[in-house]
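Comments concern the structure below.
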Protein chains: 4
Amino acid sequence: MHERPDFARLLGLHGDVRIDYIESESLAGNPLGDPAVRPVGVYLPQGYDAEASQRYPALYVLHGYTGDSAALLASRPWETNVFQWADRLIEQKRMAPVLVILVDGFTRLGGSQYVDSIHNGRYATYTVRDVVGHVDREYRTVATEHGRAVLGKSSGGFGAMHLVLEHPGTFAAFASHSGDSYFRYAHIPAFATVQRTLETHGFNVAAFVEGFERKHKRSAAEYTTMEMLAYAAAYSPRDAVPFDLDLPFESTTGELRQDVFARWLAFDPAERVAGRRAELARLRLRYLDCGRRDEYNLDIGARVVSERIRALGLEVRHEEFDDDHRNVGYRYEISLPALAAVLDHA
Amino acid sequence: MHERPDFARLLGLHGDVRIDYIESESLAGNPLGDPAVRPVGVYLPQGYDAEASQRYPALYVLHGYTGDSAALLASRPWETNVFQWADRLIEQKRMAPVLVILVDGFTRLGGSQYVDSIHNGRYATYTVRDVVGHVDREYRTVATEHGRAVLGKSSGGFGAMHLVLEHPGTFAAFASHSGDSYFRYAHIPAFATVQRTLETHGFNVAAFVEGFERKHKRSAAEYTTMEMLAYAAAYSPRDAVPFDLDLPFESTTGELRQDVFARWLAFDPAERVAGRRAELARLRLRYLDCGRRDEYNLDIGARVVSERIRALGLEVRHEEFDDDHRNVGYRYEISLPALAAVLDHA
Amino acid sequence: MHERPDFARLLGLHGDVRIDYIESESLAGNPLGDPAVRPVGVYLPQGYDAEASQRYPALYVLHGYTGDSAALLASRPWETNVFQWADRLIEQKRMAPVLVILVDGFTRLGGSQYVDSIHNGRYATYTVRDVVGHVDREYRTVATEHGRAVLGKSSGGFGAMHLVLEHPGTFAAFASHSGDSYFRYAHIPAFATVQRTLETHGFNVAAFVEGFERKHKRSAAEYTTMEMLAYAAAYSPRDAVPFDLDLPFESTTGELRQDVFARWLAFDPAERVAGRRAELARLRLRYLDCGRRDEYNLDIGARVVSERIRALGLEVRHEEFDDDHRNVGYRYEISLPALAAVLDHA
Amino acid sequence: MHERPDFARLLGLHGDVRIDYIESESLAGNPLGDPAVRPVGVYLPQGYDAEASQRYPALYVLHGYTGDSAALLASRPWETNVFQWADRLIEQKRMAPVLVILVDGFTRLGGSQYVDSIHNGRYATYTVRDVVGHVDREYRTVATEHGRAVLGKSSGGFGAMHLVLEHPGTFAAFASHSGDSYFRYAHIPAFATVQRTLETHGFNVAAFVEGFERKHKRSAAEYTTMEMLAYAAAYSPRDAVPFDLDLPFESTTGELRQDVFARWLAFDPAERVAGRRAELARLRLRYLDCGRRDEYNLDIGARVVSERIRALGLEVRHEEFDDDHRNVGYRYEISLPALAAVLDHA
C-alpha cells in the first residue's frame with residue numbers, strides 16, 4: 001500500500017514499465033521554450049531483470065501529431081496500446097522479447113515531426129543521439145544499428161522514415177503506419193482552411209496559438225491550422241523567432257506559394273526516397289501500411305513511396321487495409337513482430 | 001381546364017415561361033451519344049407580349065454539374081429559383097425587364113463544363129452559336145454583345161468565365177457564383193477518392209458509368225468519381241471514343257500525372273485570366289462571389305481570379321459571404337440586377 | 001415555337017401531363033391564410049386522349065413534409081420522379097395504364113399531414129372530396145373506391161394511412177413508403193432540439209416562423225423545429241389562431257407533456273390500426289415499406305403497423321430495404337404496379 | 001534511474017498519485033466474471049505526507065460509460081484531467097487541499113452504472129463500502145459524510161446521483177456533469193439502432209458481445225448497442241446468467257416494452273428525486289450542469305431533475321453551457337471547488 005503507482009499492473013502487463021527523464025542537450029535552449037527534460041517510456045519484457053546477461057533489441061516508437069509519451073501510454077477499455085501489444089505478442093511467443101521505447105517529440109505547436117528545425121529545436125538529433133544514447137547506456141540493449149528499429153503512426157510514421165534517411169546507421173528497420181507522405185495530396189487540401197482561420201486572427205500566429213491554448217475546446221479548423229503551423233515550423237521556418245514561419249500559401253488569396261511548398265516537399269518521403277538508395281539499402285526491413293480510406297490520402301503516399309523504393313531495386317513490405325486514419329493501433333500486431341524478426345537478439 | 005401545363009403559374013410568376021427545343025448543329029453526332037435536341041428555357045418578363053416593339057437584354061444561365069434545364073426550373077417550397085428571382089426583382093423595380101435563358105449542358109457524364117471537347121461535343125459552340133442564335137431569332141432581344149450576359153453557379157460559373165474568354169464578343173458581362181477555379185485546391189483533393197473507386201472497377205470506366213446509371217442510389221465517392229470523369233472528358237479527352245480519357249493521376253499509385261493535370265490547368269480560370277486581358281477588358285462587368293466555407297475551396301479560386309484580373313488593371317466585383325457550396329441561389333438577388341444594369345436595354 | 005411549355009417532353013414521357021387548378025371549398029378561409037386554389041398535377045397515360053371511351057383507375061400521390069406538387073414534378077438527372085416511373089412501367093407493360101394524381105398539401109408550416117385541423121384547415125376533406133371530386137369530374141376515371149389508391153412517402157405515407165382510416169370508401173388500397181408512424185421513436189427524439197430552438201426565440205412561434213421564412217438558409221435544427229410545429233398544427237392545435245399550438249413538451253424544461261403527446265398518438269398509425277379493422281378490411285392492398293436505416297426509425301413504425309394489422313387477421317405487404325430515409329423514390333417501381341394490379345380497370 | 005514510474009511527474013502535478021488495489025468483497029464472484037480486485041486511483045495534495053496530522057475531505061470521481069480508472073488518469077496534450085484540475089486549483093488557492101479518488105466501475109459490458117445488479121454485481125455497495133472504506137482506512141480523510149462528495153460525468157454523473165439517493169449518509173454533496181437522466185429522451189432514441197444491430201446477430205447477445213470484443217474497430221451502432229446492453233444489465237437484468245437481460249423493446253418489431261422500460265425509469269434520476277426529499281435534503285450541495293447541445297438530450301434531463309428538486313423546496317446549483325456531450329472535463333474547474341467548499345476540512 002502507498003507504494004508508487006505501477007503502470008505495468010494498470011496496463012495488465014507481464015513485463016515492466018519505466019519512465020525515465022533525460023535532459024536533452026539537443027533541445028537545450030530551443031527557441032519555442034519547450035522542455036529539454038523529456039520522459040522516455042521504456043517497456044521491459046518479462047524476465048528482463050532476472051536474466052541479467054541477456055541483451056535485447058529495442059523498438060523506438062514515435063507518437064503522432066498532438067500526441068506525446070503519456071498519450072502513447074494511456075490505456076482505454078477495449079483498446080490495446082503499443083506496450084500492451086508488445087507484451088501480448090511476446091507472451092504468446094509470436095515475437096522474441098524486445099524493449100519498446102517511447103520517444104516524446106511534442107512541441108508547443110503540437111509536434112516536431114522529429115526534424116531538426118531552427119525554429120523548434122533539433123528533434124531528429126535528440127531522438128537518435130539523446131534518447132538512443134540514454135537507452136543504450138541504461139538498459140541491456142543490442143547497442144548497434146542492427147539492434148534498433150523505429151516505427152510510428154501518422155507523423156510518427158513520417159518521423160520513422162525521416163530518421164532512417166537522415167541518420168543512416170541508427171536503425172536497421174522502420175515501420176510507417178499511415179505515415180505522412182505525398183504532401184501534394186496530404187497537405188494541400190488543408191491550406192484553404194488554414195488561410196481562412198488565420199485571416200480571422202489577422203494572420204497573427206502568436207495570437208492564434210495563445211488563443212488556441214486558452215480555449216476549453218477547439219474546432220476542427222483550429223486543429224488543422226495548428227497542425228499546418230507545426231509542419232511549417234518543421235519544414236519552412238523563417239528563423240528562430242517563435243512563430244516566425246513561412247506559410248505555404250499567400251496570406252491574401254490563399255493560393256499556393258510554390259517556393260515555400262518546395263521546402264515542404266524536400267521533406268516529403270515520396271519525393272526523397274528516389275535519391276536515397278544507400279540509406280534505404282542498408283535497412284533490413286522497409287515496412288509501410290495504410291488504411292485505404294485514409295482521410296489524408298496517405299494510402300496514396302504509401303503506394304508512391306513503396307513504388308519508388310522498389311524502383312531502386314529494393315524490397316518493401318507494403319500493406320493496405322479497410323480503414324480510415326483513426327485508431328489503427330491494431331496494426332502493431334503486424335509491425336512489431338516484423339521489426340523484431342529482422343533485428344539482432346543477443 | 002385540360003389546357004397545357006403552365007410553368008409560370010406553378011412558379012407563381014408575373015412573367016411567362018417558354019421551353020423551346022432546338023436541334024443543335026454543334027452537338028450533332030456527338031461521340032457520347034447525348035441528345036442534339038435540347039430544351040431552351042426562356043423567361044419572358046410581364047408585358048413582353050404586349051409591348052411588341054420593345055427589345056430586351058438576355059441573361060444566359062448555366063447550370064452546375066449534375067444539373068440540367070429542368071433542374072434549374074424546379075421549384076421547392078421556401079426556395080427561389082432563377083426565374084422566380086428575376087420575376088421578383090423586376091416586379092419590385094429593382095431590375096429592368098430582361099429575358100432569362102436556361103442553357104442545357106448536361107452529358108452522360110453529368111456535365112460538359114460548356115467546353116468544346118473531342119470527347120463530349122462542342123458545348124461552347126452550341127451555347128454561343130446555337131442557343132444564342134435561337135434566342136436572338138425567336139425573341140425580341142438586344143441582339144448584340146451588349147445585350148447579353150452569362151452567369152452560373154459552380155460548373156456554371158466556370159462556364160460563364162470560359163465563354164467570355166473563349167468567345168469574346170458574345171457577352172458583355174459575366175457572373176460566377178462559386179465557380180470552378182484554382183483547380184489545385186478544387187480538384188486535387190478528390191483524386192485519391194477517384195483512384196480508389198475506379199480501382200474497385202478495374203479501371204474500366206465504361207463499367208463504372210454503366211453501373212452508376214443503373215444504381216438506385218450512389219455514394220458520395222461515386223458522385224465524385226463521375227464528376228472527375230466529366231472534367232477529364234472536358235479537359236483531357238484522349239479521343240472521340242466514349243470514356244477514353246486521360247486521368248490526372250496514375251492508375252496504379254494514384255499520384256498526380258503532371259502532364260495531364262497541366263491540360264486541366266489550361267482551362268483553369270485562375271491560370272488563364274492573366275493572358276486574356278483583351279477578352280476581359282471588353283466586358284462591362286466581371287462579377288465573382290463565393291461562400292467563405294466552400295467545400296471545394298472555390299473561395300480561394302475567386303480570390304485568385306479576382307486578384308489576377310485586377311493585376312491587369314481591370315475592375316472586378318468580388319464578394320464573399322458566410323456559407324458553403326450548396327444552395328446559394330439567393331446570390332441571384334445580387335448578380336441579376338448587377339448584370340442587367342450594365343446591359344443595353346432597347 | 002413559342003407554344004406553352006410541355007412538361008411531358010421535359011420529363012421525357014410517352015404520356016401527357018396536366019396541371020389543373022381547383023378552388024377548394026374545404027380550404028376556403030383557412031386560418032393560416034394558405035391558398036384555397038391549389039394545383040392538381042395529372043399524369044395521363046399514352047393513348048388517354050385517343051381512346052375516348054376507356055376509363056382508368058387513379059393513383060393519388062401525397063408529397064412529404066416540405067414538399068408540394070411542384071417538388072413532386074421536378075426532375076433531376078439520374079433521378080426518376082413518380083410520373084416518370086409510372087410512364088416507364090406502363091411503357092414496359094409492367095403496369096396497366098393508370099392516371100397518377102399529385103395532391104398539394106403544403107401549408108405555411110411546411111405541410112398539413114393531410115389531416116383536418118382547426119388550425120390549418122381541412123386537408124383530409126380537401127383531398128378526398130375536392131381533389132378526388134375534380135379528377136372524377138374532369139377525367140375518365142373508374143370513379144369508385146375500387147378505382148382509386150393513395151400512396152406517398154414520409155408524411156405522404158402517413159397521409160395515405162390516415163385517409164384510408166378516416167375516409168373509408170374512398171380508396172381501395174394504400175402504399176406507405178417510409179411513412180410516419182410509431183411517433184414514440186419518430187418524434188420524441190426531436191423534442192429537445194425544438195425546445196432549444198424555440199427558447200432562443202422566447203417561445204414566440206410567430207417570430208420563429210417569420211424569421212425562418214426570411215432566411216436565405218436554415219439550419220437542420222430550424223427545419224426540425226418547423227416540422228414539429230407543423231405536426232402540432234395537425235395533431236394538437238389549440239384553436240384557429242395562427243401559431244396557437246399545444247407543444248408536446250414543457251417550454252421551461254423540455255420534458256414531455258404526456259397530455260399533448262397523447263393527442264399526437266391519437267393520429268399515430270401504429271396506435272390506431274388495432275381499432276380500425278373494418279376500415280382496413282375493405283382494402284384490397286395494404287402496402288408498407290421502409291429503409292432499414294431510416295433516420296426517423298420509421299422502419300420500426302412500419303413493422304409495428306404491419307404486425308398490428310396482421311393481428312387483425314388481415315394481410316399486409318411489408319418490405320424492408322437497405323437504405324435511409326432520403327431519395328427512396330425508386331420504391332415506386334414496386335408500389336405503383338402493386339397498387340394498379342388490385343384496382344378495377346374499366 | 002530505473003525507479004518505478006511516477007504518475008505525478010508525468011502529469012506535471014505538485015501533489016502525488018497512488019494507485020492502490022483493493023479486493024472488493026461486494027464484487028467477489030460477480031456473475032459476469034469481472035475482476036473483484038480493482039485499482040483505486042488516489043490524488044494526494046502537496047504537503048499531504050509532510051503534515052501528518054491534517055485530515056482532508058475526499059472527492060470521489062466516477063468515470064463514464066466505456067471508461068475506467070486508467071482512462072480517467074490518461075493525459076493528453078492540451079487537455080487537463082481531473083487530477084490535473086484538482087492540483088492546479090489547489091496550487092492557485094482556488095480550492096482547499098482535498099484528496100481525489102478514482103472509482104473503477106468498468107464491466108465486460110462497458111460499465112456498471114454504479115448500481116447493485118444481480119447480473120453485474122454490487123457496484124453501488126462496492127463503491128460506498130469497499131472503496132470508501134479502503135480510503136478512510138488508508139488515508140487521513142475526514143471520515144464522515146461531511147468529508148465526502150461524489151461526482152462524475154455522463155454515466156458517472158448518473159452514478160453520483162444514484163449513490164446519494166441509494167446510500168444516504170455516505171456523501172454530503174454531488175456533482176453531475178452531463179449525467180444520464182430523463183431516459184425518455186436520453187435512451188429511447190437509441191432503441192431502434194440496438195434492435196437492428198442485435199437482429200443481425202439473431203438476438204444472440206453473447207455472440208454480439210464476443211464479436212464486439214474481438215473486433216479491431218467497432219461502428220457507432222455497435223457501441224450504442226453495447227451501451228444499451230450495459231444499461232439493461234444494470235436496470236433490467238433477468239437473472240445472474242451472463243447476458244440474460246430484459247431488453248426495453250420487442251425483438252421482432254423493435255417497439256417499446258413498457259414493462260421493461262418502467263424498470264429503467266425506476267433508476268431515472270428525473271423520476272426518482274420527487275420521492276427522495278430526505279436523502280436530498282441532507283446534502284450540502286446538489287450540482288448539475290450540461291452542455292446545451294448534448295447529443296443525448298441530457299440538458300433536458302438536468303433541467304427536469306433540477307426543477308423537481310426545487311419543487312421539494314431544496315436548492316440546486318444548475319448550470320448550462322454552449323457545448324455538446326464530449327470532452328467537457330473543463331467543467332471540473334467549476335465543480336471541484338464548489339464541492340470542496342461545502343465539505344468539512346479537519
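Ligands are numbered from 1 in the order shown, residues from 1 within each chain, and chains are lettered A, B, ... in the order they appear in the C-alpha cells.
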
Selection: 12 Å around Ile334 in chain D, only C-alpha atoms, excl. self and same-chain fewer than 2 positions, as a PyMOL selection string: chain D and resi 82+85-86+89+94-95+151+175-177+287-289+317-321+328-332+336-341

Could you find all residues in range 187-332 of chain B that DSSP calls helix (DSSP H, G or I) from the backbone, and write them as JSON, numbers by chain? {"B": [188, 189, 190, 191, 192, 193, 194, 195, 196, 197, 198, 199, 205, 206, 207, 208, 209, 210, 211, 212, 213, 214, 220, 221, 222, 223, 224, 225, 226, 227, 228, 229, 230, 231, 232, 233, 234, 235, 258, 259, 260, 261, 262, 263, 264, 265, 269, 270, 271, 272, 273, 274, 275, 277, 278, 279, 280, 281, 298, 299, 300, 301, 302, 303, 304, 305, 306, 307, 308, 309, 310, 329, 330, 331, 332]}

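Going from CA of Ile188 in chain D to CA of Glu79 in chain A covers 28.1 Å.
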
May I ask which of the residues D:Pro35, D:Arg293, D:Gly152, D:Asp246 is the closest one to Ala173 in chain D, counting only C-alpha atoms?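 Result for the nearest residue to Ala173 in chain D: D:Gly152.
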
Could you name the residues that touch Ala143 in chain B at 12 Å or less, counting only C-alpha atoms, but leaving out those on the same chain fewer than 2 positions away, as a list in words? Arg55, Tyr56, Pro57, Ala58, Leu59, Leu99, Val132, Gly133, His134, Val135, Asp136, Arg137, Glu138, Tyr139, Arg140, Thr141, Glu145, His146, Gly147, Arg148, Ala149, Gly169, Thr170, Phe171, Ala172, Leu343, Asp344, His345 and Ala346 of chain B

Please produce an output containing N, CA, C and O atoms for each residue in the selection, written as a JSON list (two decimals), in the first residue's frame.
[["chain", "number", "residue", "atom", "x", "y", "z"],
["B", 55, "ARG", "N", -37.29, 45.80, -77.16],
["B", 55, "ARG", "CA", -36.29, 44.73, -77.16],
["B", 55, "ARG", "C", -35.68, 44.62, -75.77],
["B", 55, "ARG", "O", -35.62, 45.60, -75.03],
["B", 56, "TYR", "N", -35.21, 43.43, -75.42],
["B", 56, "TYR", "CA", -34.75, 43.16, -74.06],
["B", 56, "TYR", "C", -33.35, 42.55, -74.08],
["B", 56, "TYR", "O", -33.04, 41.75, -74.97],
["B", 57, "PRO", "N", -32.56, 42.89, -73.10],
["B", 57, "PRO", "CA", -31.31, 42.14, -72.95],
["B", 57, "PRO", "C", -31.61, 40.75, -72.41],
["B", 57, "PRO", "O", -32.68, 40.50, -71.85],
["B", 58, "ALA", "N", -30.66, 39.85, -72.56],
["B", 58, "ALA", "CA", -30.87, 38.47, -72.14],
["B", 58, "ALA", "C", -29.74, 38.00, -71.23],
["B", 58, "ALA", "O", -28.56, 38.23, -71.52],
["B", 59, "LEU", "N", -30.15, 37.38, -70.12],
["B", 59, "LEU", "CA", -29.17, 36.78, -69.20],
["B", 59, "LEU", "C", -29.18, 35.28, -69.42],
["B", 59, "LEU", "O", -30.22, 34.63, -69.25],
["B", 99, "LEU", "N", -34.83, 39.15, -70.45],
["B", 99, "LEU", "CA", -35.11, 37.74, -70.67],
["B", 99, "LEU", "C", -34.07, 36.94, -69.87],
["B", 99, "LEU", "O", -32.93, 37.37, -69.71],
["B", 132, "VAL", "N", -27.71, 30.96, -78.39],
["B", 132, "VAL", "CA", -27.83, 32.41, -78.55],
["B", 132, "VAL", "C", -28.49, 32.75, -79.89],
["B", 132, "VAL", "O", -29.36, 33.63, -79.97],
["B", 133, "GLY", "N", -28.11, 32.01, -80.92],
["B", 133, "GLY", "CA", -28.71, 32.24, -82.24],
["B", 133, "GLY", "C", -30.22, 32.04, -82.20],
["B", 133, "GLY", "O", -30.99, 32.87, -82.70],
["B", 134, "HIS", "N", -30.64, 30.95, -81.60],
["B", 134, "HIS", "CA", -32.07, 30.68, -81.49],
["B", 134, "HIS", "C", -32.79, 31.81, -80.77],
["B", 134, "HIS", "O", -33.84, 32.30, -81.23],
["B", 135, "VAL", "N", -32.24, 32.21, -79.67],
["B", 135, "VAL", "CA", -32.91, 33.22, -78.84],
["B", 135, "VAL", "C", -32.99, 34.54, -79.61],
["B", 135, "VAL", "O", -34.04, 35.21, -79.61],
["B", 136, "ASP", "N", -31.92, 34.90, -80.23],
["B", 136, "ASP", "CA", -31.93, 36.17, -80.98],
["B", 136, "ASP", "C", -32.90, 36.12, -82.18],
["B", 136, "ASP", "O", -33.47, 37.14, -82.56],
["B", 137, "ARG", "N", -33.05, 34.93, -82.76],
["B", 137, "ARG", "CA", -34.00, 34.80, -83.86],
["B", 137, "ARG", "C", -35.45, 34.84, -83.39],
["B", 137, "ARG", "O", -36.31, 35.42, -84.02],
["B", 138, "GLU", "N", -35.69, 34.18, -82.28],
["B", 138, "GLU", "CA", -37.07, 33.92, -81.90],
["B", 138, "GLU", "C", -37.65, 34.93, -80.91],
["B", 138, "GLU", "O", -38.86, 34.98, -80.73],
["B", 139, "TYR", "N", -36.78, 35.70, -80.27],
["B", 139, "TYR", "CA", -37.28, 36.64, -79.27],
["B", 139, "TYR", "C", -36.77, 38.03, -79.58],
["B", 139, "TYR", "O", -35.78, 38.20, -80.28],
["B", 140, "ARG", "N", -37.44, 39.00, -79.03],
["B", 140, "ARG", "CA", -37.07, 40.40, -79.28],
["B", 140, "ARG", "C", -35.95, 40.80, -78.33],
["B", 140, "ARG", "O", -36.17, 41.45, -77.30],
["B", 141, "THR", "N", -34.75, 40.36, -78.65],
["B", 141, "THR", "CA", -33.59, 40.64, -77.82],
["B", 141, "THR", "C", -32.81, 41.83, -78.35],
["B", 141, "THR", "O", -32.96, 42.22, -79.51],
["B", 145, "GLU", "N", -23.54, 41.82, -78.44],
["B", 145, "GLU", "CA", -22.74, 41.59, -77.24],
["B", 145, "GLU", "C", -23.28, 42.39, -76.06],
["B", 145, "GLU", "O", -23.36, 41.89, -74.93],
["B", 146, "HIS", "N", -23.66, 43.61, -76.28],
["B", 146, "HIS", "CA", -24.03, 44.48, -75.15],
["B", 146, "HIS", "C", -25.44, 44.24, -74.64],
["B", 146, "HIS", "O", -25.88, 44.89, -73.70],
["B", 147, "GLY", "N", -26.12, 43.32, -75.27],
["B", 147, "GLY", "CA", -27.42, 42.91, -74.78],
["B", 147, "GLY", "C", -27.39, 41.55, -74.13],
["B", 147, "GLY", "O", -28.44, 40.99, -73.83],
["B", 148, "ARG", "N", -26.20, 41.01, -73.88],
["B", 148, "ARG", "CA", -26.12, 39.64, -73.33],
["B", 148, "ARG", "C", -25.13, 39.54, -72.19],
["B", 148, "ARG", "O", -24.04, 40.10, -72.23],
["B", 149, "ALA", "N", -25.54, 38.79, -71.18],
["B", 149, "ALA", "CA", -24.62, 38.44, -70.09],
["B", 149, "ALA", "C", -24.76, 36.95, -69.84],
["B", 149, "ALA", "O", -25.75, 36.32, -70.22],
["B", 169, "GLY", "N", -16.94, 38.82, -77.44],
["B", 169, "GLY", "CA", -17.87, 39.44, -78.36],
["B", 169, "GLY", "C", -19.27, 38.88, -78.26],
["B", 169, "GLY", "O", -20.20, 39.39, -78.87],
["B", 170, "THR", "N", -19.42, 37.80, -77.49],
["B", 170, "THR", "CA", -20.76, 37.24, -77.32],
["B", 170, "THR", "C", -21.48, 37.89, -76.14],
["B", 170, "THR", "O", -22.66, 38.24, -76.22],
["B", 171, "PHE", "N", -20.77, 37.99, -75.03],
["B", 171, "PHE", "CA", -21.39, 38.50, -73.81],
["B", 171, "PHE", "C", -20.62, 39.73, -73.32],
["B", 171, "PHE", "O", -19.39, 39.79, -73.43],
["B", 172, "ALA", "N", -21.35, 40.64, -72.71],
["B", 172, "ALA", "CA", -20.72, 41.87, -72.22],
["B", 172, "ALA", "C", -20.44, 41.80, -70.73],
["B", 172, "ALA", "O", -19.87, 42.75, -70.16],
["B", 343, "LEU", "N", -26.15, 46.16, -69.11],
["B", 343, "LEU", "CA", -26.51, 45.79, -70.49],
["B", 343, "LEU", "C", -27.33, 46.89, -71.15],
["B", 343, "LEU", "O", -27.95, 47.72, -70.48],
["B", 344, "ASP", "N", -27.31, 46.86, -72.45],
["B", 344, "ASP", "CA", -28.16, 47.79, -73.21],
["B", 344, "ASP", "C", -29.61, 47.31, -73.18],
["B", 344, "ASP", "O", -29.88, 46.13, -73.42],
["B", 345, "HIS", "N", -30.49, 48.25, -72.88],
["B", 345, "HIS", "CA", -31.93, 47.97, -72.98],
["B", 345, "HIS", "C", -32.43, 48.79, -74.16],
["B", 345, "HIS", "O", -32.08, 49.95, -74.30],
["B", 346, "ALA", "N", -33.23, 48.19, -74.97],
["B", 346, "ALA", "CA", -33.60, 48.91, -76.19],
["B", 346, "ALA", "C", -34.57, 50.06, -75.89],
["B", 346, "ALA", "O", -35.36, 49.97, -74.99]]

Using only C-alpha atoms, find the one residue out of C:Gly67, C:Pro31, C:Gly47, C:Gly159 that sits nearest to chain B.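 For chain B, the nearest of the given residues is C:Gly67.
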
Using only C-alpha atoms and a cut-off of 12 Å, which residues of chain B sit close to chain A? Please list them as a PyMOL selection string. chain B and resi 181-197+199-200+221+249-258+270-271+291-308+320+322
